[in-house]
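Q: Starting off with a structure, shown below.
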Amino acid sequence: MFDFSSFKLIKNSNDFFVGIRKSALEDGYEFCLPNGFDNFPDGNFNEVRDLFFKMYRTFRKFERDNTGTNRFNLNRSDFQQDQDQTTLSGGGISMQTEDGEVCVLYSKIKMIERVLEAYDDLAINSIQKKARRSEDIDYSQIYKYLDRAIYLDNDVIYLDAMDLPRPTVRYESTDIVNLYCYILDEIVQQLDGDVPDNIQAHSQDIRFLAQRFQDGYLTSNQSIFDKDTFDETISILKEGLDNIDKNTYYKDADYWGLYEAIETFLYGEINPDQNDGDYWGIKGFSLVWEDMCNTYFFKEYPDKICYADTDIPLKNPPNSESKRQGEEPKRVGNYLAHHGNNGYSNKWIYRTISNIPYPKNPGNFGWNELLCIELDTQPGTLVYSNPRYNKLENRDRSRAMRRFPRPDLVLKIETKNGFELKILDYKDVPLDFYINPSSSPKSANKYKNDIIKQLTYEFALQQTHTVAESIFFIPWYYAAEPELDPLGETEQNLDIKGGITIFKANFFIIQKLYLENL
């Protein structure tokens, strides 16, 4: 298992990778942190450990939420360039983003996955007899052990142990089970109980057997994932596994299943030759960041959301679409957007109905309809004697060209006179991207395009409403929560064109809500 204090921390990785990989320049591993983690402490075992397990849970949730949806289409190479998709490959799981960038997700670490997958409560609790050394003496079998006996004075024979079958019932197990349950229990604690249902259902049994191993081999303060006892504990577990294997004579499939899981955990590492891939993590973290942020706002401000370009799963999605309760229930998308021809038509989005009525038909515009840029190519007619024909709403706009831009989120902000709007776009970039936008031609081009798109969102909504704020929402590490707003703070030292603000969002607050059971 990893020594978390030995990782070399990489901050603001140029290749947009977040996770753990072998260092290309030296021995050991490097942990590439999310953008905005400039102030994350170096060499802090506990901080790195906690971040690792939170990111491990985050990647697993992201994969669970998206596999089998329209966003991920497994093994469909003909669909590769048309929309987000996932394909299984030797290196992990990959998908295509809207901008054509490849996102690769490596969500599994064999060291941990093998321990979780090896749990079988029936196999563990059905062990009836295992041959092992026993201090009990069966005098009817003593003739078999004369060669091991110590001959004392007065013709006395001394035996210190015999190999006898030992019946076991519930909570009586071989040492291999106790050792396995100890490792599993330590992992369960670090994952905060976010484990498969069969493990959750037997957590008390696992804890009981884990405690038996700790009582026999370790002190009460020792732990696999403690900075002060990590090395010593791993060493004891390795020695314990070796002794158990030497003194266990009957080894069936159940035994080897647990043994191999323990061995992989204690001795394993990310190994390309064993189909683990070269990485654990994700290249293209922006998709995860978007899902994290959308989950936060749907949980905290569901009644303020006018529009969201997302289809995340939620236990109780607001304004849910009844048509979706068959194949893809419990998702926020309630409108099937048909606009555009960029591979994103037929994608579910979330929208509510605005306060702007249709000019000729009953009902009101949806917020997705107000997000419209229109170009009327027909010549206008100026009627001097009847000015009402000059008004836009009285013109024939049936042949106008329209685009429907998609910001990540549009929120209502209550005011004394009603409400105003706040437009948010989630950006997985470092703060330096906005401080030095011309650091490279690619950065300069992205910076320009991001601003153009944000101003386009604002222009579309300003036709009917007041836009109070337009925000780029970036991830940020805070050692302590900001005093004014725990969610984060606005960067005051930047002046972005068009009045766009940069909000440094508290990564851990958003991640916490993302990982909560929905």
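Each chain in the structure tokens gets a letter, A, B and so on, in the order shown; residues start at 1 in every chain, and ligands are counted from 1 in the order they appear.
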For A:Pro34, please output as a PyMOL selection string all residues within 12 Å (counting only C-alpha atoms; exclusion window: fewer than 5 positions along the same chain).

A: chain A and resi 9-20+39-40+51-52+55+281-286+288-289+427-431+474-477+507-508

Q: Residues within 7 Å of A:Met292, please, as a PyMOL selection string. Count only C-alpha atoms; anything in the same chain fewer than 2 positions from it doesn't count.

A: chain A and resi 288-290+294-296+510-511+514

Q: Could you write those residues out with N, CA and C atoms, as a PDB file, in the first residue's frame?

A:
ATOM      1  N   VAL A 288     -15.820  16.013 -14.068  1.00  0.00           N
ATOM      2  CA  VAL A 288     -16.130  15.692 -12.668  1.00  0.00           C
ATOM      3  C   VAL A 288     -16.469  16.970 -11.907  1.00  0.00           C
ATOM      4  N   TRP A 289     -15.693  18.022 -12.138  1.00  0.00           N
ATOM      5  CA  TRP A 289     -15.931  19.300 -11.465  1.00  0.00           C
ATOM      6  C   TRP A 289     -17.333  19.832 -11.775  1.00  0.00           C
ATOM      7  N   GLU A 290     -17.767  19.708 -13.016  1.00  0.00           N
ATOM      8  CA  GLU A 290     -19.110  20.153 -13.385  1.00  0.00           C
ATOM      9  C   GLU A 290     -20.177  19.384 -12.611  1.00  0.00           C
ATOM     10  N   ASN A 294     -22.799  21.087  -9.933  1.00  0.00           N
ATOM     11  CA  ASN A 294     -24.232  20.992 -10.161  1.00  0.00           C
ATOM     12  C   ASN A 294     -24.930  20.273  -9.011  1.00  0.00           C
ATOM     13  N   THR A 295     -24.300  19.228  -8.482  1.00  0.00           N
ATOM     14  CA  THR A 295     -24.881  18.526  -7.336  1.00  0.00           C
ATOM     15  C   THR A 295     -25.016  19.466  -6.149  1.00  0.00           C
ATOM     16  N   TYR A 296     -23.993  20.276  -5.915  1.00  0.00           N
ATOM     17  CA  TYR A 296     -24.043  21.231  -4.805  1.00  0.00           C
ATOM     18  C   TYR A 296     -25.224  22.186  -4.949  1.00  0.00           C
ATOM     19  N   ILE A 510     -17.964  21.532  -1.626  1.00  0.00           N
ATOM     20  CA  ILE A 510     -18.678  21.013  -2.795  1.00  0.00           C
ATOM     21  C   ILE A 510     -18.515  19.496  -2.889  1.00  0.00           C
ATOM     22  N   GLN A 511     -17.317  19.008  -2.628  1.00  0.00           N
ATOM     23  CA  GLN A 511     -17.077  17.562  -2.696  1.00  0.00           C
ATOM     24  C   GLN A 511     -17.869  16.820  -1.624  1.00  0.00           C
ATOM     25  N   TYR A 514     -21.332  16.339  -2.763  1.00  0.00           N
ATOM     26  CA  TYR A 514     -21.323  15.413  -3.900  1.00  0.00           C
ATOM     27  C   TYR A 514     -21.265  13.962  -3.432  1.00  0.00           C
TER      28      TYR A 514
END

Q: Contacts of A:Leu421 at 6 Å or less, counting only C-alpha atoms, minus same-chain residues fewer than 3 places along, as a ChimeraX atom specification?

A: /A:411-413,467-468

Q: Pick out the residues sitting within 9 Å of A:Ser354, and hand them over as a PDB file with C-alpha atoms, in the first residue's frame; count only C-alpha atoms, and ignore anything fewer than 6 positions along from it in its own chain.

A:
ATOM      1  CA  CYS A 306     -33.773  28.574 -13.713  1.00  0.00           C
ATOM      2  CA  ASN A 364     -44.720  31.287 -20.859  1.00  0.00           C
ATOM      3  CA  PHE A 365     -41.259  30.802 -22.324  1.00  0.00           C
ATOM      4  CA  GLY A 366     -38.992  28.209 -20.761  1.00  0.00           C
ATOM      5  CA  TRP A 367     -35.643  29.582 -19.586  1.00  0.00           C
ATOM      6  CA  LEU A 370     -34.901  32.765 -23.467  1.00  0.00           C
TER       7      LEU A 370
END

Q: Give me, as a PyMOL selection string, all polymer residues having an atom no more than 6 Å from stretch 173-184 of chain A, counting only C-alpha atoms and skipping those fewer than 2 positions away in the same chain.

A: chain A and resi 186-187+206+209-210+213

Q: Would you mind exporting the chosen residues as a PDB file, in the first residue's frame, restricted to all heavy atoms?

A:
ATOM      1  N   GLU A 186     -10.365  -1.221   8.059  1.00  0.00           N
ATOM      2  CA  GLU A 186      -9.582   0.010   7.937  1.00  0.00           C
ATOM      3  C   GLU A 186      -9.957   0.771   6.655  1.00  0.00           C
ATOM      4  O   GLU A 186     -10.085   1.996   6.665  1.00  0.00           O
ATOM      5  CB  GLU A 186      -8.088  -0.328   7.926  1.00  0.00           C
ATOM      6  CG  GLU A 186      -7.554  -0.823   9.255  1.00  0.00           C
ATOM      7  CD  GLU A 186      -7.095   0.319  10.147  1.00  0.00           C
ATOM      8  OE1 GLU A 186      -6.047   0.922   9.854  1.00  0.00           O
ATOM      9  OE2 GLU A 186      -7.797   0.596  11.133  1.00  0.00           O
ATOM     10  N   ILE A 187     -10.153   0.039   5.570  1.00  0.00           N
ATOM     11  CA  ILE A 187     -10.540   0.673   4.310  1.00  0.00           C
ATOM     12  C   ILE A 187     -11.940   1.255   4.411  1.00  0.00           C
ATOM     13  O   ILE A 187     -12.206   2.384   3.960  1.00  0.00           O
ATOM     14  CB  ILE A 187     -10.447  -0.341   3.153  1.00  0.00           C
ATOM     15  CG1 ILE A 187      -8.991  -0.719   2.888  1.00  0.00           C
ATOM     16  CG2 ILE A 187     -11.085   0.223   1.879  1.00  0.00           C
ATOM     17  CD1 ILE A 187      -8.816  -1.811   1.859  1.00  0.00           C
ATOM     18  N   ILE A 206     -17.701  -7.592  10.522  1.00  0.00           N
ATOM     19  CA  ILE A 206     -16.340  -7.291  10.069  1.00  0.00           C
ATOM     20  C   ILE A 206     -15.560  -6.599  11.171  1.00  0.00           C
ATOM     21  O   ILE A 206     -14.400  -6.935  11.442  1.00  0.00           O
ATOM     22  CB  ILE A 206     -16.394  -6.418   8.799  1.00  0.00           C
ATOM     23  CG1 ILE A 206     -17.028  -7.197   7.648  1.00  0.00           C
ATOM     24  CG2 ILE A 206     -14.999  -5.928   8.412  1.00  0.00           C
ATOM     25  CD1 ILE A 206     -17.377  -6.348   6.441  1.00  0.00           C
ATOM     26  N   LEU A 209     -14.453  -9.163  13.924  1.00  0.00           N
ATOM     27  CA  LEU A 209     -13.313  -9.997  13.548  1.00  0.00           C
ATOM     28  C   LEU A 209     -12.038  -9.169  13.408  1.00  0.00           C
ATOM     29  O   LEU A 209     -10.946  -9.645  13.726  1.00  0.00           O
ATOM     30  CB  LEU A 209     -13.627 -10.721  12.238  1.00  0.00           C
ATOM     31  CG  LEU A 209     -14.816 -11.695  12.294  1.00  0.00           C
ATOM     32  CD1 LEU A 209     -15.130 -12.232  10.911  1.00  0.00           C
ATOM     33  CD2 LEU A 209     -14.533 -12.840  13.261  1.00  0.00           C
ATOM     34  N   ALA A 210     -12.166  -7.936  12.932  1.00  0.00           N
ATOM     35  CA  ALA A 210     -11.008  -7.046  12.840  1.00  0.00           C
ATOM     36  C   ALA A 210     -10.431  -6.774  14.221  1.00  0.00           C
ATOM     37  O   ALA A 210      -9.203  -6.740  14.414  1.00  0.00           O
ATOM     38  CB  ALA A 210     -11.412  -5.731  12.168  1.00  0.00           C
ATOM     39  N   PHE A 213      -8.250  -9.567  15.473  1.00  0.00           N
ATOM     40  CA  PHE A 213      -6.887  -9.545  14.935  1.00  0.00           C
ATOM     41  C   PHE A 213      -6.066  -8.468  15.628  1.00  0.00           C
ATOM     42  O   PHE A 213      -4.904  -8.710  16.002  1.00  0.00           O
ATOM     43  CB  PHE A 213      -6.905  -9.298  13.428  1.00  0.00           C
ATOM     44  CG  PHE A 213      -5.531  -9.252  12.835  1.00  0.00           C
ATOM     45  CD1 PHE A 213      -4.884 -10.415  12.468  1.00  0.00           C
ATOM     46  CD2 PHE A 213      -4.849  -8.050  12.685  1.00  0.00           C
ATOM     47  CE1 PHE A 213      -3.594 -10.390  11.946  1.00  0.00           C
ATOM     48  CE2 PHE A 213      -3.566  -8.009  12.163  1.00  0.00           C
ATOM     49  CZ  PHE A 213      -2.942  -9.191  11.790  1.00  0.00           C
TER      50      PHE A 213
END

Q: Identify, on the basis of only C-alpha atoms, every residue whose closest approach to A:Leu487 does not exceed 8 Å; exclude the query and any residue fewer than 4 positions from it along the same chain; express the result as a PyMOL selection string.

A: chain A and resi 481-482+505-506+509-510

Q: Write a file of the selected residues as a PDB file, in the first residue's frame, keeping C-alpha atoms.

A:
ATOM      1  CA  GLU A 481     -13.322  28.196   5.616  1.00  0.00           C
ATOM      2  CA  PRO A 482     -13.554  31.858   4.531  1.00  0.00           C
ATOM      3  CA  ALA A 505     -15.105  27.833  -4.755  1.00  0.00           C
ATOM      4  CA  ASN A 506     -14.337  25.772  -1.634  1.00  0.00           C
ATOM      5  CA  ILE A 509     -17.534  21.813   0.732  1.00  0.00           C
ATOM      6  CA  ILE A 510     -18.678  21.013  -2.795  1.00  0.00           C
TER       7      ILE A 510
END

Q: Please provide the set of residues having any atom within 8 Å of A:Glu321, restricted to only C-alpha atoms, with same-chain residues fewer than 6 positions apart removed, written as a list of chain:residue names.

A: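 Contacts, in chain order: A:Gly333, A:Asn334, A:Tyr335.
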
Q: Please extract the residues of stretch 340-516 of chain A with a backbone DSSP assignment of helix (DSSP H, G or I) and present them as an mmCIF file with N, CA and C atoms, in the first residue's frame.

A:
data_model
loop_
_atom_site.group_PDB
_atom_site.id
_atom_site.type_symbol
_atom_site.label_atom_id
_atom_site.label_comp_id
_atom_site.auth_asym_id
_atom_site.auth_seq_id
_atom_site.Cartn_x
_atom_site.Cartn_y
_atom_site.Cartn_z
ATOM 1 N N TRP A 367 -36.907 28.833 -19.677
ATOM 2 C CA TRP A 367 -35.643 29.582 -19.586
ATOM 3 C C TRP A 367 -34.685 29.165 -20.695
ATOM 4 N N ASN A 368 -34.774 27.934 -21.154
ATOM 5 C CA ASN A 368 -33.927 27.507 -22.263
ATOM 6 C C ASN A 368 -34.272 28.247 -23.548
ATOM 7 N N GLU A 369 -35.540 28.664 -23.701
ATOM 8 C CA GLU A 369 -35.949 29.412 -24.891
ATOM 9 C C GLU A 369 -35.486 30.867 -24.825
ATOM 10 N N LEU A 370 -35.399 31.394 -23.605
ATOM 11 C CA LEU A 370 -34.901 32.765 -23.467
ATOM 12 C C LEU A 370 -33.405 32.841 -23.730
ATOM 13 N N PRO A 387 -46.115 53.212 -37.149
ATOM 14 C CA PRO A 387 -44.880 52.761 -36.479
ATOM 15 C C PRO A 387 -44.991 51.398 -35.806
ATOM 16 N N ARG A 388 -46.213 50.890 -35.561
ATOM 17 C CA ARG A 388 -46.299 49.614 -34.837
ATOM 18 C C ARG A 388 -45.652 48.467 -35.629
ATOM 19 N N TYR A 389 -45.559 48.616 -36.952
ATOM 20 C CA TYR A 389 -44.932 47.573 -37.747
ATOM 21 C C TYR A 389 -43.407 47.570 -37.605
ATOM 22 N N ASN A 390 -42.876 48.621 -37.017
ATOM 23 C CA ASN A 390 -41.429 48.666 -36.806
ATOM 24 C C ASN A 390 -40.991 47.808 -35.631
ATOM 25 N N LEU A 392 -40.184 44.746 -33.197
ATOM 26 C CA LEU A 392 -39.638 43.426 -33.507
ATOM 27 C C LEU A 392 -40.683 42.325 -33.392
ATOM 28 N N GLU A 393 -41.540 42.414 -32.348
ATOM 29 C CA GLU A 393 -42.496 41.335 -32.120
ATOM 30 C C GLU A 393 -43.570 41.261 -33.201
ATOM 31 N N ASN A 394 -43.711 42.321 -34.004
ATOM 32 C CA ASN A 394 -44.709 42.318 -35.064
ATOM 33 C C ASN A 394 -44.153 41.849 -36.402
ATOM 34 N N ASP A 432 -4.017 31.252 -12.232
ATOM 35 C CA ASP A 432 -3.002 31.872 -13.085
ATOM 36 C C ASP A 432 -3.460 31.950 -14.543
ATOM 37 N N PHE A 433 -4.402 31.105 -14.924
ATOM 38 C CA PHE A 433 -4.936 31.150 -16.285
ATOM 39 C C PHE A 433 -5.556 32.512 -16.576
ATOM 40 N N TYR A 434 -6.184 33.115 -15.572
ATOM 41 C CA TYR A 434 -6.804 34.432 -15.750
ATOM 42 C C TYR A 434 -5.820 35.566 -15.475
ATOM 43 N N ILE A 435 -4.802 35.291 -14.673
ATOM 44 C CA ILE A 435 -3.796 36.318 -14.403
ATOM 45 C C ILE A 435 -2.878 36.496 -15.604
ATOM 46 N N PRO A 441 -0.310 30.311 -26.826
ATOM 47 C CA PRO A 441 -1.372 30.562 -27.814
ATOM 48 C C PRO A 441 -2.665 29.809 -27.502
ATOM 49 N N LYS A 442 -2.539 28.581 -27.005
ATOM 50 C CA LYS A 442 -3.727 27.796 -26.670
ATOM 51 C C LYS A 442 -4.493 28.440 -25.520
ATOM 52 N N SER A 443 -3.771 28.908 -24.485
ATOM 53 C CA SER A 443 -4.417 29.561 -23.352
ATOM 54 C C SER A 443 -5.096 30.855 -23.788
ATOM 55 N N ALA A 444 -4.422 31.631 -24.617
ATOM 56 C CA ALA A 444 -4.994 32.893 -25.081
ATOM 57 C C ALA A 444 -6.270 32.661 -25.869
ATOM 58 N N ASN A 445 -6.280 31.618 -26.681
ATOM 59 C CA ASN A 445 -7.471 31.320 -27.484
ATOM 60 C C ASN A 445 -8.626 30.859 -26.608
ATOM 61 N N LYS A 446 -8.330 29.996 -25.636
ATOM 62 C CA LYS A 446 -9.380 29.525 -24.723
ATOM 63 C C LYS A 446 -9.925 30.678 -23.891
ATOM 64 N N TYR A 447 -9.029 31.537 -23.415
ATOM 65 C CA TYR A 447 -9.441 32.696 -22.613
ATOM 66 C C TYR A 447 -10.410 33.568 -23.406
ATOM 67 N N LYS A 448 -10.079 33.848 -24.661
ATOM 68 C CA LYS A 448 -10.935 34.677 -25.502
ATOM 69 C C LYS A 448 -12.284 34.007 -25.743
ATOM 70 N N ASN A 449 -12.269 32.700 -26.050
ATOM 71 C CA ASN A 449 -13.524 31.990 -26.328
ATOM 72 C C ASN A 449 -14.410 31.904 -25.096
ATOM 73 N N ASP A 450 -13.802 31.674 -23.925
ATOM 74 C CA ASP A 450 -14.591 31.596 -22.693
ATOM 75 C C ASP A 450 -15.308 32.915 -22.415
ATOM 76 N N ILE A 451 -14.619 34.011 -22.624
ATOM 77 C CA ILE A 451 -15.227 35.328 -22.387
ATOM 78 C C ILE A 451 -16.341 35.595 -23.397
ATOM 79 N N ILE A 452 -16.102 35.256 -24.663
ATOM 80 C CA ILE A 452 -17.132 35.463 -25.686
ATOM 81 C C ILE A 452 -18.394 34.671 -25.347
ATOM 82 N N LYS A 453 -18.212 33.406 -24.947
ATOM 83 C CA LYS A 453 -19.370 32.581 -24.613
ATOM 84 C C LYS A 453 -20.116 33.144 -23.409
ATOM 85 N N GLN A 454 -19.368 33.590 -22.387
ATOM 86 C CA GLN A 454 -20.016 34.111 -21.185
ATOM 87 C C GLN A 454 -20.803 35.388 -21.493
ATOM 88 N N LEU A 455 -20.237 36.260 -22.307
ATOM 89 C CA LEU A 455 -20.944 37.490 -22.684
ATOM 90 C C LEU A 455 -22.155 37.187 -23.567
ATOM 91 N N THR A 456 -22.067 36.105 -24.325
ATOM 92 C CA THR A 456 -23.214 35.699 -25.145
ATOM 93 C C THR A 456 -24.367 35.238 -24.265
ATOM 94 N N TYR A 457 -24.068 34.448 -23.233
ATOM 95 C CA TYR A 457 -25.114 34.048 -22.293
ATOM 96 C C TYR A 457 -25.792 35.285 -21.698
ATOM 97 N N GLU A 458 -24.944 36.224 -21.283
ATOM 98 C CA GLU A 458 -25.457 37.424 -20.634
ATOM 99 C C GLU A 458 -26.308 38.244 -21.610
ATOM 100 N N PHE A 459 -25.848 38.392 -22.834
ATOM 101 C CA PHE A 459 -26.588 39.173 -23.824
ATOM 102 C C PHE A 459 -27.965 38.562 -24.089
ATOM 103 N N ALA A 460 -28.019 37.224 -24.190
ATOM 104 C CA ALA A 460 -29.296 36.561 -24.464
ATOM 105 C C ALA A 460 -30.309 36.834 -23.361
ATOM 106 N N LEU A 461 -29.896 36.750 -22.114
ATOM 107 C CA LEU A 461 -30.837 36.921 -21.000
ATOM 108 C C LEU A 461 -31.148 38.384 -20.729
ATOM 109 N N GLN A 462 -30.255 39.279 -21.133
ATOM 110 C CA GLN A 462 -30.500 40.707 -20.903
ATOM 111 C C GLN A 462 -31.626 41.254 -21.768
ATOM 112 N N LYS A 497 -12.740 41.315 -18.741
ATOM 113 C CA LYS A 497 -13.572 42.072 -19.663
ATOM 114 C C LYS A 497 -15.046 41.719 -19.483
ATOM 115 N N GLY A 498 -15.896 42.733 -19.600
ATOM 116 C CA GLY A 498 -17.323 42.504 -19.496
ATOM 117 C C GLY A 498 -17.828 42.383 -18.076
ATOM 118 N N GLY A 499 -16.952 42.634 -17.096
ATOM 119 C CA GLY A 499 -17.385 42.573 -15.705
ATOM 120 C C GLY A 499 -17.538 41.168 -15.157
ATOM 121 N N PHE A 507 -13.427 23.714 -2.544
ATOM 122 C CA PHE A 507 -13.470 22.386 -3.151
ATOM 123 C C PHE A 507 -14.074 21.354 -2.210
ATOM 124 N N PHE A 508 -13.678 21.384 -0.941
ATOM 125 C CA PHE A 508 -14.096 20.329 -0.016
ATOM 126 C C PHE A 508 -15.568 20.446 0.377
ATOM 127 N N ILE A 509 -16.104 21.664 0.450
ATOM 128 C CA ILE A 509 -17.534 21.813 0.732
ATOM 129 C C ILE A 509 -18.360 21.232 -0.413
ATOM 130 N N ILE A 510 -17.964 21.532 -1.626
ATOM 131 C CA ILE A 510 -18.678 21.013 -2.795
ATOM 132 C C ILE A 510 -18.515 19.496 -2.889
ATOM 133 N N GLN A 511 -17.317 19.008 -2.628
ATOM 134 C CA GLN A 511 -17.077 17.562 -2.696
ATOM 135 C C GLN A 511 -17.869 16.820 -1.624
ATOM 136 N N LYS A 512 -17.985 17.392 -0.445
ATOM 137 C CA LYS A 512 -18.717 16.741 0.641
ATOM 138 C C LYS A 512 -20.165 16.486 0.253
ATOM 139 N N LEU A 513 -20.838 17.498 -0.319
ATOM 140 C CA LEU A 513 -22.223 17.308 -0.739
ATOM 141 C C LEU A 513 -22.326 16.322 -1.902
ATOM 142 N N TYR A 514 -21.332 16.339 -2.763
ATOM 143 C CA TYR A 514 -21.323 15.413 -3.900
ATOM 144 C C TYR A 514 -21.265 13.962 -3.432
ATOM 145 N N LEU A 515 -20.531 13.716 -2.353
ATOM 146 C CA LEU A 515 -20.323 12.353 -1.880
ATOM 147 C C LEU A 515 -21.389 11.874 -0.908
#

Q: Let me make sure I understand: among A:Met111, A:Leu314, A:Phe297, A:Thr58, which one has the smallest atom-to-atom distance to A:Gly268 if we use only C-alpha atoms?

A: A:Met111

Q: So how many Å separate atom CA of A:Lys360 and atom CA of A:Lys304, to one decimal?

A: 27.8 Å

Q: For a test of reading the model, state the distance in Å between atom CA of A:Ile224 and atom CA of A:Cys32, rounded to one decimal.

A: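 Value for the atom CA of A:Ile224-atom CA of A:Cys32 distance: 22.8 Å.
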
Q: From a backbone DSSP assignment, name each residue in stretch 154-304 of chain A labelled strand (DSSP E or B), as a PyMOL selection string.

A: chain A and resi 156-158+162-167+248+279-283

Q: For the selection you just gave me, I'd like the residues written to a file as a compact mmCIF listing (two decimals), in the first residue's frame, keeping all heavy atoms.

A:
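Writing the result to part00.txt gives the following:
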# COMPACT_ATOMS: atom_id res chain seq x y z
N VAL A 156 9.21 -38.75 30.96
CA VAL A 156 8.07 -37.87 30.68
C VAL A 156 8.24 -37.27 29.29
O VAL A 156 9.32 -36.81 28.93
CB VAL A 156 7.96 -36.74 31.73
CG1 VAL A 156 6.85 -35.76 31.34
CG2 VAL A 156 7.69 -37.35 33.11
N ILE A 157 7.14 -37.30 28.51
CA ILE A 157 7.15 -36.75 27.16
C ILE A 157 6.40 -35.42 27.18
O ILE A 157 5.29 -35.32 27.72
CB ILE A 157 6.46 -37.70 26.17
CG1 ILE A 157 7.24 -39.01 26.08
CG2 ILE A 157 6.35 -37.06 24.78
CD1 ILE A 157 6.59 -40.05 25.21
N TYR A 158 7.03 -34.36 26.55
CA TYR A 158 6.39 -33.03 26.53
C TYR A 158 6.11 -32.62 25.07
O TYR A 158 6.97 -32.66 24.22
CB TYR A 158 7.31 -31.98 27.18
CG TYR A 158 6.79 -30.57 27.05
CD1 TYR A 158 5.77 -30.12 27.89
CD2 TYR A 158 7.30 -29.69 26.09
CE1 TYR A 158 5.28 -28.83 27.78
CE2 TYR A 158 6.81 -28.41 25.98
CZ TYR A 158 5.80 -27.96 26.81
OH TYR A 158 5.32 -26.69 26.70
N MET A 162 -0.12 -29.45 18.83
CA MET A 162 -0.48 -30.50 17.89
C MET A 162 -1.27 -29.87 16.75
O MET A 162 -1.92 -28.85 16.92
CB MET A 162 -1.33 -31.58 18.56
CG MET A 162 -0.64 -32.29 19.72
SD MET A 162 -1.65 -33.58 20.48
CE MET A 162 -1.66 -34.81 19.20
N ASP A 163 -1.19 -30.51 15.58
CA ASP A 163 -1.97 -30.06 14.43
C ASP A 163 -3.31 -30.78 14.45
O ASP A 163 -3.42 -31.94 14.09
CB ASP A 163 -1.25 -30.35 13.12
CG ASP A 163 0.07 -29.60 13.02
OD1 ASP A 163 0.17 -28.50 13.62
OD2 ASP A 163 0.99 -30.10 12.36
N LEU A 164 -4.34 -30.06 14.90
CA LEU A 164 -5.65 -30.68 15.06
C LEU A 164 -6.72 -29.86 14.35
O LEU A 164 -6.59 -28.64 14.24
CB LEU A 164 -6.00 -30.76 16.56
CG LEU A 164 -5.06 -31.57 17.44
CD1 LEU A 164 -5.49 -31.45 18.89
CD2 LEU A 164 -5.08 -33.03 17.01
N PRO A 165 -7.76 -30.52 13.86
CA PRO A 165 -8.89 -29.75 13.31
C PRO A 165 -9.59 -28.98 14.41
O PRO A 165 -9.86 -29.53 15.48
CB PRO A 165 -9.79 -30.83 12.70
CG PRO A 165 -9.46 -32.06 13.47
CD PRO A 165 -8.00 -31.97 13.81
N ARG A 166 -9.84 -27.72 14.16
CA ARG A 166 -10.47 -26.87 15.16
C ARG A 166 -11.83 -26.39 14.64
O ARG A 166 -11.90 -25.62 13.70
CB ARG A 166 -9.59 -25.67 15.47
CG ARG A 166 -10.20 -24.73 16.51
CD ARG A 166 -9.21 -23.63 16.84
NE ARG A 166 -9.78 -22.67 17.76
CZ ARG A 166 -9.12 -21.64 18.28
NH1 ARG A 166 -7.88 -21.46 17.95
NH2 ARG A 166 -9.71 -20.81 19.10
N PRO A 167 -12.91 -26.86 15.21
CA PRO A 167 -14.22 -26.42 14.74
C PRO A 167 -14.44 -24.94 15.03
O PRO A 167 -14.06 -24.45 16.09
CB PRO A 167 -15.20 -27.29 15.53
CG PRO A 167 -14.46 -27.66 16.77
CD PRO A 167 -13.02 -27.77 16.38
N THR A 248 -1.00 -22.80 8.19
CA THR A 248 -2.30 -23.25 7.72
C THR A 248 -2.07 -24.34 6.69
O THR A 248 -1.49 -24.10 5.64
CB THR A 248 -3.09 -22.08 7.08
OG1 THR A 248 -3.24 -21.04 8.04
CG2 THR A 248 -4.47 -22.55 6.63
N TYR A 279 -1.80 4.91 -14.65
CA TYR A 279 -2.30 5.95 -13.78
C TYR A 279 -3.42 5.42 -12.89
O TYR A 279 -4.01 4.38 -13.16
CB TYR A 279 -2.90 7.11 -14.58
CG TYR A 279 -2.08 7.64 -15.71
CD1 TYR A 279 -2.26 7.17 -17.01
CD2 TYR A 279 -1.13 8.64 -15.50
CE1 TYR A 279 -1.53 7.68 -18.06
CE2 TYR A 279 -0.39 9.15 -16.55
CZ TYR A 279 -0.59 8.67 -17.82
OH TYR A 279 0.14 9.17 -18.86
N TRP A 280 -3.70 6.15 -11.85
CA TRP A 280 -5.00 6.10 -11.20
C TRP A 280 -5.48 7.53 -11.09
O TRP A 280 -4.77 8.39 -10.55
CB TRP A 280 -4.92 5.49 -9.79
CG TRP A 280 -6.21 5.76 -9.06
CD1 TRP A 280 -7.37 5.08 -9.16
CD2 TRP A 280 -6.46 6.86 -8.16
NE1 TRP A 280 -8.34 5.67 -8.39
CE2 TRP A 280 -7.82 6.76 -7.77
CE3 TRP A 280 -5.70 7.90 -7.67
CZ2 TRP A 280 -8.40 7.67 -6.90
CZ3 TRP A 280 -6.28 8.81 -6.81
CH2 TRP A 280 -7.61 8.68 -6.42
N GLY A 281 -6.63 7.82 -11.62
CA GLY A 281 -7.12 9.18 -11.58
C GLY A 281 -7.92 9.50 -12.81
O GLY A 281 -8.58 8.62 -13.38
N ILE A 282 -7.85 10.74 -13.26
CA ILE A 282 -8.61 11.15 -14.44
C ILE A 282 -7.85 12.24 -15.18
O ILE A 282 -7.27 13.13 -14.58
CB ILE A 282 -10.02 11.64 -14.05
CG1 ILE A 282 -10.90 11.87 -15.28
CG2 ILE A 282 -9.96 12.92 -13.22
CD1 ILE A 282 -12.36 12.08 -14.95
N LYS A 283 -7.85 12.13 -16.48
CA LYS A 283 -7.32 13.18 -17.33
C LYS A 283 -8.50 13.87 -17.98
O LYS A 283 -9.20 13.29 -18.82
CB LYS A 283 -6.38 12.60 -18.39
CG LYS A 283 -5.69 13.68 -19.22
CD LYS A 283 -4.66 13.09 -20.15
CE LYS A 283 -3.93 14.19 -20.91
NZ LYS A 283 -2.89 13.65 -21.81
